[in-house]
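S.K.: Following this line is work.pdb, made up of PDB, C-alpha atoms:
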```
ATOM      1  CA  MET A   1     -14.908  10.007   9.651
ATOM      2  CA  THR A   2     -12.730  10.487  12.697
ATOM      3  CA  THR A   3      -9.064  11.217  12.199
ATOM      4  CA  SER A   4      -6.268  11.331  14.719
ATOM      5  CA  ALA A   5      -6.147  15.079  14.281
ATOM      6  CA  SER A   6      -9.790  15.380  15.308
ATOM      7  CA  VAL A   7      -9.485  13.230  18.426
ATOM      8  CA  PRO A   8      -9.107  15.459  21.490
ATOM      9  CA  THR A   9      -6.098  14.819  23.662
ATOM     10  CA  GLU A  10      -7.268  13.612  27.064
ATOM     11  CA  PRO A  11      -5.323  14.520  30.214
ATOM     12  CA  GLY A  12      -4.321  10.847  30.513
ATOM     13  CA  ASP A  13      -3.015  10.524  26.944
ATOM     14  CA  ALA A  14       0.643   9.646  26.541
ATOM     15  CA  ILE A  15       1.244  12.701  24.369
ATOM     16  CA  SER A  16      -0.106  15.177  26.898
ATOM     17  CA  ASN A  17       1.921  13.450  29.624
ATOM     18  CA  GLY A  18       5.150  13.938  27.699
ATOM     19  CA  GLY A  19       4.951  10.549  26.000
ATOM     20  CA  THR A  20       5.485   9.888  22.326
ATOM     21  CA  VAL A  21       3.127   8.949  19.528
ATOM     22  CA  THR A  22       4.482   5.412  19.839
ATOM     23  CA  ASP A  23       3.512   5.428  23.530
ATOM     24  CA  ARG A  24      -0.009   6.380  22.440
ATOM     25  CA  LEU A  25      -0.095   3.503  19.957
ATOM     26  CA  VAL A  26       1.164   1.002  22.546
ATOM     27  CA  GLU A  27      -1.515   2.155  25.000
ATOM     28  CA  ALA A  28      -4.157   1.781  22.283
ATOM     29  CA  ASN A  29      -2.898  -1.738  21.642
ATOM     30  CA  GLU A  30      -3.230  -2.610  25.304
ATOM     31  CA  ARG A  31      -6.911  -1.537  25.183
ATOM     32  CA  TYR A  32      -7.382  -3.501  21.947
ATOM     33  CA  ALA A  33      -5.729  -6.634  23.347
ATOM     34  CA  ALA A  34      -7.874  -6.490  26.501
ATOM     35  CA  ALA A  35     -10.991  -7.047  24.363
ATOM     36  CA  PHE A  36      -9.307  -9.190  21.678
ATOM     37  CA  THR A  37     -10.684 -12.597  20.781
ATOM     38  CA  ASP A  38      -8.720 -14.902  18.486
ATOM     39  CA  PRO A  39     -10.686 -14.914  15.207
ATOM     40  CA  GLY A  40      -9.427 -18.423  14.446
ATOM     41  CA  MET A  41      -8.156 -17.623  10.956
ATOM     42  CA  ASP A  42      -4.936 -18.474   9.219
ATOM     43  CA  ALA A  43      -2.864 -16.228   6.945
ATOM     44  CA  ARG A  44      -4.651 -17.292   3.747
ATOM     45  CA  PRO A  45      -6.952 -14.493   2.578
ATOM     46  CA  VAL A  46     -10.571 -15.586   2.277
ATOM     47  CA  LEU A  47     -11.061 -13.745  -1.046
ATOM     48  CA  HIS A  48      -7.750 -14.984  -2.530
ATOM     49  CA  VAL A  49      -6.770 -11.435  -3.452
ATOM     50  CA  ALA A  50      -3.744  -9.249  -2.828
ATOM     51  CA  VAL A  51      -4.149  -5.463  -2.890
ATOM     52  CA  VAL A  52      -1.109  -3.310  -3.655
ATOM     53  CA  ALA A  53      -1.630   0.341  -2.747
ATOM     54  CA  CYS A  54       0.067   3.547  -1.740
ATOM     55  CA  MET A  55       0.917   4.065   1.917
ATOM     56  CA  ASP A  56      -0.877   7.444   1.894
ATOM     57  CA  ALA A  57      -2.716   7.859   5.201
ATOM     58  CA  ARG A  58      -5.854   9.094   3.397
ATOM     59  CA  LEU A  59      -6.521   5.634   1.929
ATOM     60  CA  ASP A  60      -8.638   3.440   4.208
ATOM     61  CA  LEU A  61      -8.502   0.419   1.936
ATOM     62  CA  HIS A  62     -10.619  -1.941   3.973
ATOM     63  CA  ASP A  63     -13.439   0.566   4.271
ATOM     64  CA  ALA A  64     -13.159   1.796   0.665
ATOM     65  CA  LEU A  65     -13.258  -1.756  -0.721
ATOM     66  CA  GLY A  66     -15.742  -3.254   1.739
ATOM     67  CA  LEU A  67     -13.152  -5.653   3.135
ATOM     68  CA  GLU A  68     -13.132  -7.394   6.489
ATOM     69  CA  LEU A  69     -10.254  -8.778   8.523
ATOM     70  CA  GLY A  70      -8.902 -11.844   6.743
ATOM     71  CA  ASP A  71     -10.285 -10.999   3.291
ATOM     72  CA  CYS A  72      -7.056  -9.965   1.551
ATOM     73  CA  HIS A  73      -3.346  -9.409   1.725
ATOM     74  CA  THR A  74      -2.516  -5.705   1.720
ATOM     75  CA  ILE A  75       0.877  -4.573   0.436
ATOM     76  CA  ARG A  76       1.617  -0.862   0.740
ATOM     77  CA  ASN A  77       4.518   1.376  -0.190
ATOM     78  CA  ALA A  78       5.184   4.915  -1.376
ATOM     79  CA  GLY A  79       3.145   5.314  -4.547
ATOM     80  CA  GLY A  80       1.796   1.766  -4.562
ATOM     81  CA  VAL A  81       4.347   1.001  -7.260
ATOM     82  CA  VAL A  82       5.317  -2.555  -8.115
ATOM     83  CA  THR A  83       8.922  -2.881  -6.995
ATOM     84  CA  ASP A  84      11.054  -6.007  -6.552
ATOM     85  CA  ASP A  85       9.883  -6.184  -2.937
ATOM     86  CA  VAL A  86       6.231  -6.038  -4.006
ATOM     87  CA  ILE A  87       6.913  -8.903  -6.444
ATOM     88  CA  ARG A  88       8.529 -10.800  -3.544
ATOM     89  CA  SER A  89       5.439 -10.278  -1.374
ATOM     90  CA  LEU A  90       3.038 -11.169  -4.207
ATOM     91  CA  THR A  91       5.037 -14.311  -4.972
ATOM     92  CA  ILE A  92       4.770 -15.465  -1.355
ATOM     93  CA  SER A  93       1.096 -14.447  -1.291
ATOM     94  CA  GLN A  94       0.344 -16.537  -4.369
ATOM     95  CA  ARG A  95       2.663 -19.509  -4.028
ATOM     96  CA  ALA A  96       2.454 -20.058  -0.268
ATOM     97  CA  LEU A  97      -0.892 -18.511   0.688
ATOM     98  CA  GLY A  98      -3.221 -19.089  -2.240
ATOM     99  CA  THR A  99      -4.036 -15.672  -3.691
ATOM    100  CA  ARG A 100      -5.038 -15.568  -7.342
ATOM    101  CA  SER A 101      -6.081 -11.956  -8.022
ATOM    102  CA  VAL A 102      -4.086  -8.729  -7.787
ATOM    103  CA  VAL A 103      -5.632  -5.275  -7.380
ATOM    104  CA  LEU A 104      -3.353  -2.259  -7.808
ATOM    105  CA  ILE A 105      -4.429   1.092  -6.362
ATOM    106  CA  HIS A 106      -2.700   4.418  -6.937
ATOM    107  CA  HIS A 107      -4.429   7.703  -6.035
ATOM    108  CA  THR A 108      -4.911  11.305  -6.990
ATOM    109  CA  GLY A 109      -2.612  13.861  -5.412
ATOM    110  CA  CYS A 110       0.187  11.366  -4.740
ATOM    111  CA  GLY A 111       3.384  12.766  -3.286
ATOM    112  CA  LEU A 112       5.453  10.797  -5.808
ATOM    113  CA  GLU A 113       4.080  13.063  -8.527
ATOM    114  CA  SER A 114       6.080  15.945  -7.046
ATOM    115  CA  LEU A 115       9.364  14.073  -6.565
ATOM    116  CA  THR A 116      12.090  13.141  -9.026
ATOM    117  CA  GLU A 117      15.154  10.940  -8.888
ATOM    118  CA  ASP A 118      16.918  14.119  -7.660
ATOM    119  CA  PHE A 119      15.489  13.154  -4.240
ATOM    120  CA  ARG A 120      17.712  10.067  -4.293
ATOM    121  CA  HIS A 121      20.764  12.020  -5.453
ATOM    122  CA  ASP A 122      20.212  14.717  -2.798
ATOM    123  CA  LEU A 123      19.955  11.985  -0.181
ATOM    124  CA  GLU A 124      23.244  10.520  -1.374
ATOM    125  CA  MET A 125      24.920  13.926  -1.047
ATOM    126  CA  GLU A 126      23.504  14.358   2.458
ATOM    127  CA  VAL A 127      24.380  10.968   3.946
ATOM    128  CA  GLY A 128      27.320   9.931   1.777
ATOM    129  CA  GLN A 129      25.745   6.742   0.480
ATOM    130  CA  ARG A 130      23.582   6.132  -2.584
ATOM    131  CA  PRO A 131      20.291   4.381  -1.767
ATOM    132  CA  ALA A 132      19.973   0.967  -3.409
ATOM    133  CA  TRP A 133      16.381   1.760  -4.326
ATOM    134  CA  ALA A 134      14.827   3.998  -6.960
ATOM    135  CA  VAL A 135      12.358   6.702  -5.966
ATOM    136  CA  GLU A 136       9.884   5.446  -8.614
ATOM    137  CA  ALA A 137       8.474   8.962  -9.007
ATOM    138  CA  PHE A 138       5.976   9.562 -11.788
ATOM    139  CA  ARG A 139       4.136  12.410 -13.497
ATOM    140  CA  ASP A 140       1.198  10.466 -14.939
ATOM    141  CA  VAL A 141      -0.659   8.344 -12.370
ATOM    142  CA  GLU A 142      -2.569   6.378 -15.034
ATOM    143  CA  GLN A 143       0.621   5.496 -16.892
ATOM    144  CA  ASP A 144       2.236   4.381 -13.646
ATOM    145  CA  VAL A 145      -0.726   2.097 -12.917
ATOM    146  CA  ARG A 146      -0.271   0.603 -16.405
ATOM    147  CA  GLN A 147       3.432   0.097 -15.735
ATOM    148  CA  SER A 148       2.660  -1.595 -12.416
ATOM    149  CA  MET A 149       0.107  -3.900 -14.090
ATOM    150  CA  GLN A 150       2.711  -4.799 -16.717
ATOM    151  CA  ARG A 151       5.333  -5.571 -14.065
ATOM    152  CA  VAL A 152       2.933  -7.977 -12.343
ATOM    153  CA  ARG A 153       1.757  -9.592 -15.584
ATOM    154  CA  THR A 154       5.303 -10.237 -16.822
ATOM    155  CA  SER A 155       6.883 -11.472 -13.600
ATOM    156  CA  PRO A 156       8.174 -15.028 -14.009
ATOM    157  CA  PHE A 157       7.708 -15.642 -10.283
ATOM    158  CA  LEU A 158       3.952 -15.153 -10.169
ATOM    159  CA  LEU A 159       1.602 -18.035 -10.912
ATOM    160  CA  HIS A 160      -1.562 -16.019 -11.488
ATOM    161  CA  THR A 161      -1.294 -12.996 -13.769
ATOM    162  CA  ASP A 162      -4.613 -13.205 -15.623
ATOM    163  CA  ASP A 163      -6.654 -11.295 -13.000
ATOM    164  CA  VAL A 164      -4.577  -8.140 -12.490
ATOM    165  CA  ARG A 165      -6.524  -4.882 -12.436
ATOM    166  CA  GLY A 166      -5.412  -1.337 -11.733
ATOM    167  CA  PHE A 167      -7.254   1.676 -10.343
ATOM    168  CA  VAL A 168      -6.815   5.294  -9.327
ATOM    169  CA  PHE A 169      -8.523   6.212  -6.043
ATOM    170  CA  ASP A 170      -9.835   9.774  -5.958
ATOM    171  CA  VAL A 171      -8.954  11.188  -2.525
ATOM    172  CA  LYS A 172     -11.695  13.852  -2.837
ATOM    173  CA  THR A 173     -14.608  11.550  -3.786
ATOM    174  CA  GLY A 174     -13.508   8.129  -2.525
ATOM    175  CA  LEU A 175     -14.263   6.571  -5.920
ATOM    176  CA  LEU A 176     -12.069   4.128  -7.798
ATOM    177  CA  ARG A 177     -11.498   4.659 -11.519
ATOM    178  CA  GLU A 178     -10.335   1.582 -13.404
ATOM    179  CA  ILE A 179      -7.361   2.029 -15.720
ATOM    180  CA  ASP A 180      -7.318   0.287 -19.097
ATOM    181  CA  PRO A 181      -4.013  -1.624 -19.279
ATOM    182  CA  THR A 182      -3.414  -0.682 -22.933
TER     183      THR A 182
END
```
Take the structure I supplied and represent it as structure tokens, if you would.

M.R.:
Amino acid sequence: MTTSASVPTEPGDAISNGGTVTDRLVEANERYAAAFTDPGMDARPVLHVAVVACMDARLDLHDALGLELGDCHTIRNAGGVVTDDVIRSLTISQRALGTRSVVLIHHTGCGLESLTEDFRHDLEMEVGQRPAWAVEAFRDVEQDVRQSMQRVRTSPFLLHTDDVRGFVFDVKTGLLREIDPT
């Protein structure tokens, strides 16, 4: 697997020329767009599934799940927790774009396991304004997956709550471990 850290910086790279990481990304997009061909798909996922996962950079969801472009909706946030915004995205995914299944993926070694709501309070002290959101930190990844499954299954906005499954992705082995909802 190649990571950004293992890619040598070429003399022409934006970073080595005093550019920013964003400059590097924009240049990569220009190369991508030069070879891009419209795949002719719409926004409806072919597999009718939405995947909710942590934003952790170690999770390559498409590769880990054998997914191709257009197969699923992917919703990511810190911890992969089901928040009001995740319910909003899942509701649109189901009601407007035809998804029927929900897969929830947390992972081992998540940064939210080392945070507490003190993070939010410290932030309020620093900037003078309390964040409107909760940190959603947790100590037990399996229990948090169960809580996320329960939030999806009990949402009045979602049409399809019978195929909701939760997993923990092991960042050392790449394997998913399914979590019993009870």

S.K.: Evaluate the PyMOL selection byres ((chain A and resi 163-168) around 6) here and jot the selected residues down as number ranges by chain.

M.R.: A: 101-107, 145, 161-162, 169, 176-179

S.K.: Could you spell out the hits of the PyMOL selection byres ((chain A and resi 36-52) around 8) on the shown file, as a compact mmCIF listing (two decimals) with C-alpha atoms, keeping the file's coordinate frame?

M.R.:
```txt
# COMPACT_ATOMS: atom_id res chain seq x y z
CA TYR A 32 -7.38 -3.50 21.95
CA ALA A 33 -5.73 -6.63 23.35
CA ALA A 34 -7.87 -6.49 26.50
CA ALA A 35 -10.99 -7.05 24.36
CA ALA A 53 -1.63 0.34 -2.75
CA CYS A 54 0.07 3.55 -1.74
CA GLY A 70 -8.90 -11.84 6.74
CA ASP A 71 -10.28 -11.00 3.29
CA CYS A 72 -7.06 -9.96 1.55
CA HIS A 73 -3.35 -9.41 1.72
CA THR A 74 -2.52 -5.70 1.72
CA ILE A 75 0.88 -4.57 0.44
CA ARG A 76 1.62 -0.86 0.74
CA GLY A 80 1.80 1.77 -4.56
CA VAL A 81 4.35 1.00 -7.26
CA VAL A 82 5.32 -2.56 -8.12
CA VAL A 86 6.23 -6.04 -4.01
CA LEU A 90 3.04 -11.17 -4.21
CA SER A 93 1.10 -14.45 -1.29
CA LEU A 97 -0.89 -18.51 0.69
CA GLY A 98 -3.22 -19.09 -2.24
CA THR A 99 -4.04 -15.67 -3.69
CA ARG A 100 -5.04 -15.57 -7.34
CA SER A 101 -6.08 -11.96 -8.02
CA VAL A 102 -4.09 -8.73 -7.79
CA VAL A 103 -5.63 -5.28 -7.38
CA LEU A 104 -3.35 -2.26 -7.81
CA ILE A 105 -4.43 1.09 -6.36
```

S.K.: Which distance in Å separates CA of Glu136 (chain A) and CA of Pro181 (chain A), to one decimal?

M.R.: 18.9 Å

S.K.: Could you state the separation of CA of Gln147 (chain A) and CA of Gln94 (chain A) in Å, given to one decimal place?

M.R.: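 Those two atoms sit 20.4 Å apart.
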
S.K.: Between A:Thr116, A:Ser148, A:Thr108, A:Gln129, which one has atoms that come closest to Leu59 (chain A), using only C-alpha atoms?

M.R.: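 Result for the nearest residue to Leu59 (chain A): A:Thr108.
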
S.K.: Within 9 Å of Arg146 (chain A), counting all atoms listed in the file, which residues qualify if same-chain residues fewer than 3 places away don't, as a PyMOL selection string?

M.R.: chain A and resi 141-143+149-151+166+179-182

S.K.: Output, as AutoDock Vina command-line options, the centre and edge lengths in Å (one decimal) of the axis-aligned box that contains all listed atoms of region 66-74 of chain A with 6 Å of margin on each side.

M.R.:
```
--center_x -9.1 --center_y -7.5 --center_z 5.0 --size_x 25.2 --size_y 20.6 --size_z 19.0
```

S.K.: Do you know which residues the PyMOL selection byres ((chain A and resi 159) around 9) returns on this file, as a list in words?

M.R.: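 On the file shown, the PyMOL selection byres ((chain A and resi 159) around 9) covers Thr91, Gln94, Arg95, Arg100, Ser155, Pro156, Phe157, Leu158, His160 and Thr161 of chain A.
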
S.K.: One decimal, in Å: what's the spacing between CA of Gly66 (chain A) and CA of Thr173 (chain A)?

M.R.: 15.8 Å

S.K.: Missing atoms in region 93-116 of chain A: fill them in up to N, CA, C and O atoms and send the result as a short mmCIF file (atom, residue, chain, number, x, y, z; two decimals), keeping the file's coordinate frame.

M.R.:
```cif
data_model
loop_
_atom_site.label_atom_id
_atom_site.label_comp_id
_atom_site.auth_asym_id
_atom_site.auth_seq_id
_atom_site.Cartn_x
_atom_site.Cartn_y
_atom_site.Cartn_z
N SER A 93 2.55 -14.47 -1.42
CA SER A 93 1.10 -14.45 -1.29
C SER A 93 0.45 -15.50 -2.20
O SER A 93 -0.46 -16.22 -1.77
N GLN A 94 0.93 -15.59 -3.43
CA GLN A 94 0.34 -16.54 -4.37
C GLN A 94 0.82 -17.97 -4.13
O GLN A 94 0.01 -18.89 -3.99
N ARG A 95 2.11 -18.15 -4.07
CA ARG A 95 2.66 -19.51 -4.03
C ARG A 95 2.51 -20.20 -2.67
O ARG A 95 2.37 -21.41 -2.62
N ALA A 96 2.54 -19.44 -1.59
CA ALA A 96 2.45 -20.06 -0.27
C ALA A 96 1.09 -19.87 0.39
O ALA A 96 0.74 -20.65 1.28
N LEU A 97 0.33 -18.85 -0.05
CA LEU A 97 -0.89 -18.51 0.69
C LEU A 97 -2.15 -18.42 -0.18
O LEU A 97 -3.20 -17.98 0.29
N GLY A 98 -2.04 -18.84 -1.43
CA GLY A 98 -3.22 -19.09 -2.24
C GLY A 98 -3.93 -17.93 -2.91
O GLY A 98 -5.04 -18.10 -3.41
N THR A 99 -3.33 -16.75 -2.99
CA THR A 99 -4.04 -15.67 -3.69
C THR A 99 -3.95 -15.90 -5.20
O THR A 99 -3.02 -16.51 -5.71
N ARG A 100 -4.96 -15.40 -5.89
CA ARG A 100 -5.04 -15.57 -7.34
C ARG A 100 -5.26 -14.25 -8.07
O ARG A 100 -4.99 -14.14 -9.25
N SER A 101 -5.78 -13.25 -7.41
CA SER A 101 -6.08 -11.96 -8.02
C SER A 101 -5.19 -10.88 -7.42
O SER A 101 -4.84 -10.95 -6.25
N VAL A 102 -4.88 -9.87 -8.24
CA VAL A 102 -4.09 -8.73 -7.79
C VAL A 102 -4.83 -7.45 -8.16
O VAL A 102 -5.22 -7.26 -9.32
N VAL A 103 -5.01 -6.58 -7.17
CA VAL A 103 -5.63 -5.28 -7.38
C VAL A 103 -4.58 -4.22 -7.04
O VAL A 103 -4.00 -4.25 -5.96
N LEU A 104 -4.34 -3.32 -7.99
CA LEU A 104 -3.35 -2.26 -7.81
C LEU A 104 -4.10 -0.94 -7.65
O LEU A 104 -4.97 -0.62 -8.46
N ILE A 105 -3.74 -0.18 -6.62
CA ILE A 105 -4.43 1.09 -6.36
C ILE A 105 -3.42 2.21 -6.15
O ILE A 105 -2.68 2.22 -5.17
N HIS A 106 -3.40 3.15 -7.10
CA HIS A 106 -2.70 4.42 -6.94
C HIS A 106 -3.78 5.44 -6.54
O HIS A 106 -4.94 5.08 -6.40
N HIS A 107 -3.42 6.71 -6.42
CA HIS A 107 -4.43 7.70 -6.04
C HIS A 107 -4.10 9.08 -6.57
O HIS A 107 -2.95 9.37 -6.95
N THR A 108 -5.11 9.92 -6.57
CA THR A 108 -4.91 11.30 -6.99
C THR A 108 -4.09 12.03 -5.92
O THR A 108 -4.11 11.67 -4.75
N GLY A 109 -3.37 13.04 -6.36
CA GLY A 109 -2.61 13.86 -5.41
C GLY A 109 -1.49 13.12 -4.71
O GLY A 109 -1.17 13.44 -3.56
N CYS A 110 -0.89 12.15 -5.36
CA CYS A 110 0.19 11.37 -4.74
C CYS A 110 1.46 12.19 -4.63
O CYS A 110 1.83 12.94 -5.54
N GLY A 111 2.14 12.06 -3.52
CA GLY A 111 3.38 12.77 -3.29
C GLY A 111 4.48 12.40 -4.27
O GLY A 111 5.38 13.19 -4.53
N LEU A 112 4.42 11.19 -4.85
CA LEU A 112 5.45 10.80 -5.81
C LEU A 112 5.35 11.58 -7.11
O LEU A 112 6.30 11.60 -7.90
N GLU A 113 4.22 12.24 -7.33
CA GLU A 113 4.08 13.06 -8.53
C GLU A 113 4.90 14.35 -8.42
O GLU A 113 5.16 15.00 -9.43
N SER A 114 5.31 14.72 -7.23
CA SER A 114 6.08 15.94 -7.05
C SER A 114 7.56 15.67 -6.78
O SER A 114 8.33 16.61 -6.59
N LEU A 115 7.95 14.42 -6.76
CA LEU A 115 9.36 14.07 -6.56
C LEU A 115 10.00 13.68 -7.89
O LEU A 115 9.30 13.38 -8.86
N THR A 116 11.33 13.66 -7.89
CA THR A 116 12.09 13.14 -9.03
C THR A 116 13.21 12.28 -8.46
O THR A 116 13.39 12.20 -7.23
#
```
